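Peer 1: Structure in structure tokens, see below.
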Amino acid sequence: MSILARSLRSLCTLALLALPLALPTVSQAAFVDAFLGASGPGLDTMSFNDLGTPTPFDDNAVGTSPNFIRVNQKAYDQVDYIDMVFSVIDDGIGTTEYNVVEGVFNGTGIPWTDYHLELGFGVGAGFVISPAGDGLDFDAPDFDSPTAFAPFTSVTFGEDTIDAIGGVFVPGGFHEFEFNIDVPDGVSEFTIRQYPTIATPEPGAWALLASGCALALRRSGRRS
């Protein structure tokens, strides 16, 4: 083999060895893999739409994150909680932000005065709120992505809680809520717990109700 041929062969070998280093890499991160289901005493029906992660590792995205979770409708038939559980693939690279939009239907027959969300782990009696500082949060600490909670007019954001107040969600009403979640490394599943609350009657109203019940019972006793 000539000196020229040996030199060309060496150059080709070096080029092949360096090729993987020159190829572009795709960043990966913790991302939501699947919706595992919904449960809870408040649940009537659930219509889940889709989820996707086109841009992983985009924590603190400017504006609305392209990563999404969509729920067509979550219907309540009792004033109680619903737990939604998601599985996560952890690639150990960083945090991914998700924009969540879900339709909520009030089928309880009672007006709601507040609505609450909590991030955590487990379901039912085993649910626990996510520990502070673990990276799983409602877009903390900046809370700078779009949100929507009409008909409620005042919303308080915490690391793992959202409280919407100052409005009335009427029976038979339907509204779309929008919020954002940061999903970090080190998580295999997480739960979004949501529940409405209703107005508590003032003491005077309770007294009036009690006296009305007593009167009705006395009249019923006389007739019998």
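Every chain in the structure tokens takes a letter, A first, then B, and so on in the order presented; its residues are numbered from 1, and the ligands are numbered from 1 following the presented order.
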Can you list, as a PyMOL selection string, every protein, DNA or RNA residue that comes within 7 Å of stretch 115-118 of chain A when you count only C-alpha atoms, leaving out same-chain residues fewer than 3 positions away?
Peer 2: chain A and resi 129+160-165+192-197
Peer 1: Just C-alpha atoms for this one: save the residues we selected as a tab-separated table (two decimals), in the first residue's frame.
Peer 2:
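Once written, part.tsv looks like this:
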```tsv
chain	number	residue	atom	x	y	z
A	129	ILE	CA	-49.72	17.31	48.48
A	160	ASP	CA	-48.86	23.29	44.70
A	161	THR	CA	-52.29	24.91	45.11
A	162	ILE	CA	-54.65	27.12	43.13
A	163	ASP	CA	-57.71	28.72	44.75
A	164	ALA	CA	-60.30	30.43	42.53
A	165	ILE	CA	-62.97	32.52	44.28
A	192	ILE	CA	-54.02	16.71	40.07
A	193	ARG	CA	-56.77	16.89	42.69
A	194	GLN	CA	-59.64	19.32	42.04
A	195	TYR	CA	-62.81	20.13	43.94
A	196	PRO	CA	-65.50	22.82	44.13
A	197	THR	CA	-66.86	24.33	47.33
```
Peer 1: Could you pull out all residues of stretch 16-130 of chain A with a DSSP call of helix (DSSP H, G or I) and give them as a PyMOL selection string?
Peer 2: chain A and resi 16-22+124-126
Peer 1: Kindly indicate which residue among A:Ala75, A:Ile198, A:Val32, A:Ala38 lies nearest to A:Pro56, using only C-alpha atoms for the distances.
Peer 2: A:Val32
Peer 1: Could you state the separation of atom CA of A:Phe190 and atom CA of A:Ala34 in Å, given to one decimal place?
Peer 2: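 Atom-to-atom, atom CA of A:Phe190 and atom CA of A:Ala34 are spaced 10.9 Å apart.
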Peer 1: I'd like the neighbourhood of A:Phe152 as number ranges by chain, where a residue qualifies if any of its atoms comes within 8 Å (using only C-alpha atoms), though same-chain residues fewer than 6 positions away should be ignored.
Peer 2: A: 114, 164-169
Peer 1: Selected residues, C-alpha atoms, written as a PDB file, in the first residue's frame, please.
Peer 2:
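New file selection13.pdb:
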```pdb
ATOM      1  CA  ASP A 114     -65.005  28.474  44.837  1.00  0.00           C
ATOM      2  CA  ALA A 164     -60.305  30.427  42.531  1.00  0.00           C
ATOM      3  CA  ILE A 165     -62.972  32.520  44.281  1.00  0.00           C
ATOM      4  CA  GLY A 166     -65.218  35.531  43.748  1.00  0.00           C
ATOM      5  CA  GLY A 167     -67.837  34.135  41.414  1.00  0.00           C
ATOM      6  CA  VAL A 168     -70.629  31.619  40.968  1.00  0.00           C
ATOM      7  CA  PHE A 169     -70.379  28.484  38.810  1.00  0.00           C
TER       8      PHE A 169
END
```
Peer 1: Between atom CA of A:Asp134 and atom CA of A:Gly103, what is the distance in Å, rounded to a tenth?
Peer 2: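 Between atom CA of A:Asp134 and atom CA of A:Gly103 the gap is 28.2 Å.
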Peer 1: So that I can see what lies close to stretch 98-100 of chain A, please list as a CSV table (one decimal) with C-alpha atoms, in the first residue's frame the residues with an atom at most 7 Å from it, counting only C-alpha atoms and leaving out residues fewer than 3 positions away in the same chain.
Peer 2:
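Below you can see out20.csv, which holds the result:
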```csv
chain,number,residue,atom,x,y,z
A,64,THR,CA,-48.0,29.3,26.5
A,65,SER,CA,-45.9,26.2,26.4
A,67,ASN,CA,-46.5,21.0,25.6
A,68,PHE,CA,-50.1,20.3,26.4
A,69,ILE,CA,-52.7,18.3,28.3
A,70,ARG,CA,-56.3,18.6,27.1
A,178,GLU,CA,-56.5,26.9,32.0
A,179,PHE,CA,-53.4,26.4,34.1
A,180,ASN,CA,-49.8,25.3,33.9
A,181,ILE,CA,-47.7,22.5,35.5
A,182,ASP,CA,-43.9,22.0,35.8
```
Peer 1: Using only C-alpha atoms, determine which residues lie at most 7 Å from stretch 41-54 of chain A, disregarding the query and same-chain residues fewer than 3 positions distant; provide the list as a PyMOL selection string.
Peer 2: chain A and resi 31+66-82
Peer 1: Kindly export the residues of the current selection with N, CA and C atoms, as a CSV table (one decimal), in the first residue's frame.
Peer 2:
```csv
chain,number,residue,atom,x,y,z
A,31,PHE,N,-41.0,14.0,31.1
A,31,PHE,CA,-42.2,14.4,30.4
A,31,PHE,C,-43.4,13.4,30.7
A,66,PRO,N,-45.7,24.9,24.3
A,66,PRO,CA,-46.3,24.0,23.3
A,66,PRO,C,-46.7,22.6,23.8
A,67,ASN,N,-46.1,22.3,25.0
A,67,ASN,CA,-46.5,21.0,25.6
A,67,ASN,C,-47.9,21.1,26.3
A,68,PHE,N,-48.7,20.1,26.1
A,68,PHE,CA,-50.1,20.3,26.4
A,68,PHE,C,-50.8,19.1,27.0
A,69,ILE,N,-51.8,19.3,27.8
A,69,ILE,CA,-52.7,18.3,28.3
A,69,ILE,C,-54.1,18.9,28.1
A,70,ARG,N,-55.0,18.1,27.5
A,70,ARG,CA,-56.3,18.6,27.1
A,70,ARG,C,-57.4,17.6,27.6
A,71,VAL,N,-58.4,18.2,28.3
A,71,VAL,CA,-59.5,17.4,28.8
A,71,VAL,C,-60.8,18.0,28.2
A,72,ASN,N,-61.6,17.2,27.4
A,72,ASN,CA,-62.8,17.8,26.8
A,72,ASN,C,-63.8,18.2,27.9
A,73,GLN,N,-64.0,17.3,28.8
A,73,GLN,CA,-65.0,17.6,29.9
A,73,GLN,C,-64.8,16.7,31.1
A,74,LYS,N,-64.8,17.3,32.2
A,74,LYS,CA,-64.8,16.6,33.5
A,74,LYS,C,-66.1,17.0,34.2
A,75,ALA,N,-67.0,16.1,34.4
A,75,ALA,CA,-68.4,16.4,35.0
A,75,ALA,C,-68.5,15.9,36.4
A,76,TYR,N,-68.9,16.8,37.3
A,76,TYR,CA,-69.1,16.5,38.7
A,76,TYR,C,-70.6,16.2,38.9
A,77,ASP,N,-70.9,15.2,39.7
A,77,ASP,CA,-72.3,15.0,40.2
A,77,ASP,C,-72.4,15.1,41.7
A,78,GLN,N,-71.3,15.4,42.4
A,78,GLN,CA,-71.3,15.7,43.8
A,78,GLN,C,-70.3,16.8,44.1
A,79,VAL,N,-70.5,17.5,45.1
A,79,VAL,CA,-69.6,18.6,45.5
A,79,VAL,C,-68.5,17.9,46.3
A,80,ASP,N,-67.5,17.3,45.6
A,80,ASP,CA,-66.4,16.5,46.2
A,80,ASP,C,-65.3,16.5,45.2
A,81,TYR,N,-64.2,15.8,45.6
A,81,TYR,CA,-63.0,15.9,44.8
A,81,TYR,C,-62.9,14.9,43.6
A,82,ILE,N,-62.1,15.2,42.6
A,82,ILE,CA,-61.7,14.3,41.6
A,82,ILE,C,-60.2,14.3,41.5
```
Peer 1: Would you please work out which residue, of A:Gly94, A:Pro146, A:Gly122, A:Pro141, is nearest to A:Val62 when using only C-alpha atoms?
Peer 2: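 Counting only C-alpha atoms, the residue closest to A:Val62 is A:Pro146.
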Peer 1: Expressed in Å to a single decimal, how great is the separation between atom CA of A:Ile89 and atom CA of A:Leu36?
Peer 2: 13.2 Å
Peer 1: Find the residue from A:Thr153, A:Thr108, A:Ser188, A:Thr55 that sits nearest to A:Gly120; use only C-alpha atoms when measuring.
Peer 2: A:Ser188
Peer 1: Could you give me, as a PDB file with C-alpha atoms, in the first residue's frame, the residues within 9 Å of A:Phe177, counting only C-alpha atoms and dropping anything in the same chain fewer than 2 positions from it?
Peer 2:
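Saved the output as part_29.pdb:
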```pdb
ATOM      1  CA  VAL A 100     -53.457  22.343  30.758  1.00  0.00           C
ATOM      2  CA  VAL A 101     -56.909  23.209  29.378  1.00  0.00           C
ATOM      3  CA  GLU A 102     -59.942  21.313  30.644  1.00  0.00           C
ATOM      4  CA  GLY A 103     -63.683  21.614  30.385  1.00  0.00           C
ATOM      5  CA  VAL A 104     -65.568  21.449  33.695  1.00  0.00           C
ATOM      6  CA  THR A 147     -54.353  31.002  33.080  1.00  0.00           C
ATOM      7  CA  ALA A 148     -58.154  31.195  33.048  1.00  0.00           C
ATOM      8  CA  PHE A 149     -60.723  30.404  35.744  1.00  0.00           C
ATOM      9  CA  ALA A 150     -63.915  32.240  34.714  1.00  0.00           C
ATOM     10  CA  HIS A 175     -66.429  26.462  31.700  1.00  0.00           C
ATOM     11  CA  PHE A 179     -53.382  26.428  34.137  1.00  0.00           C
TER      12      PHE A 179
END
```
Peer 1: Just checking: using only C-alpha atoms, which residue out of A:Trp112, A:Phe105, A:Phe86, A:Phe121 ends up closest to A:Glu176?
Peer 2: A:Phe105
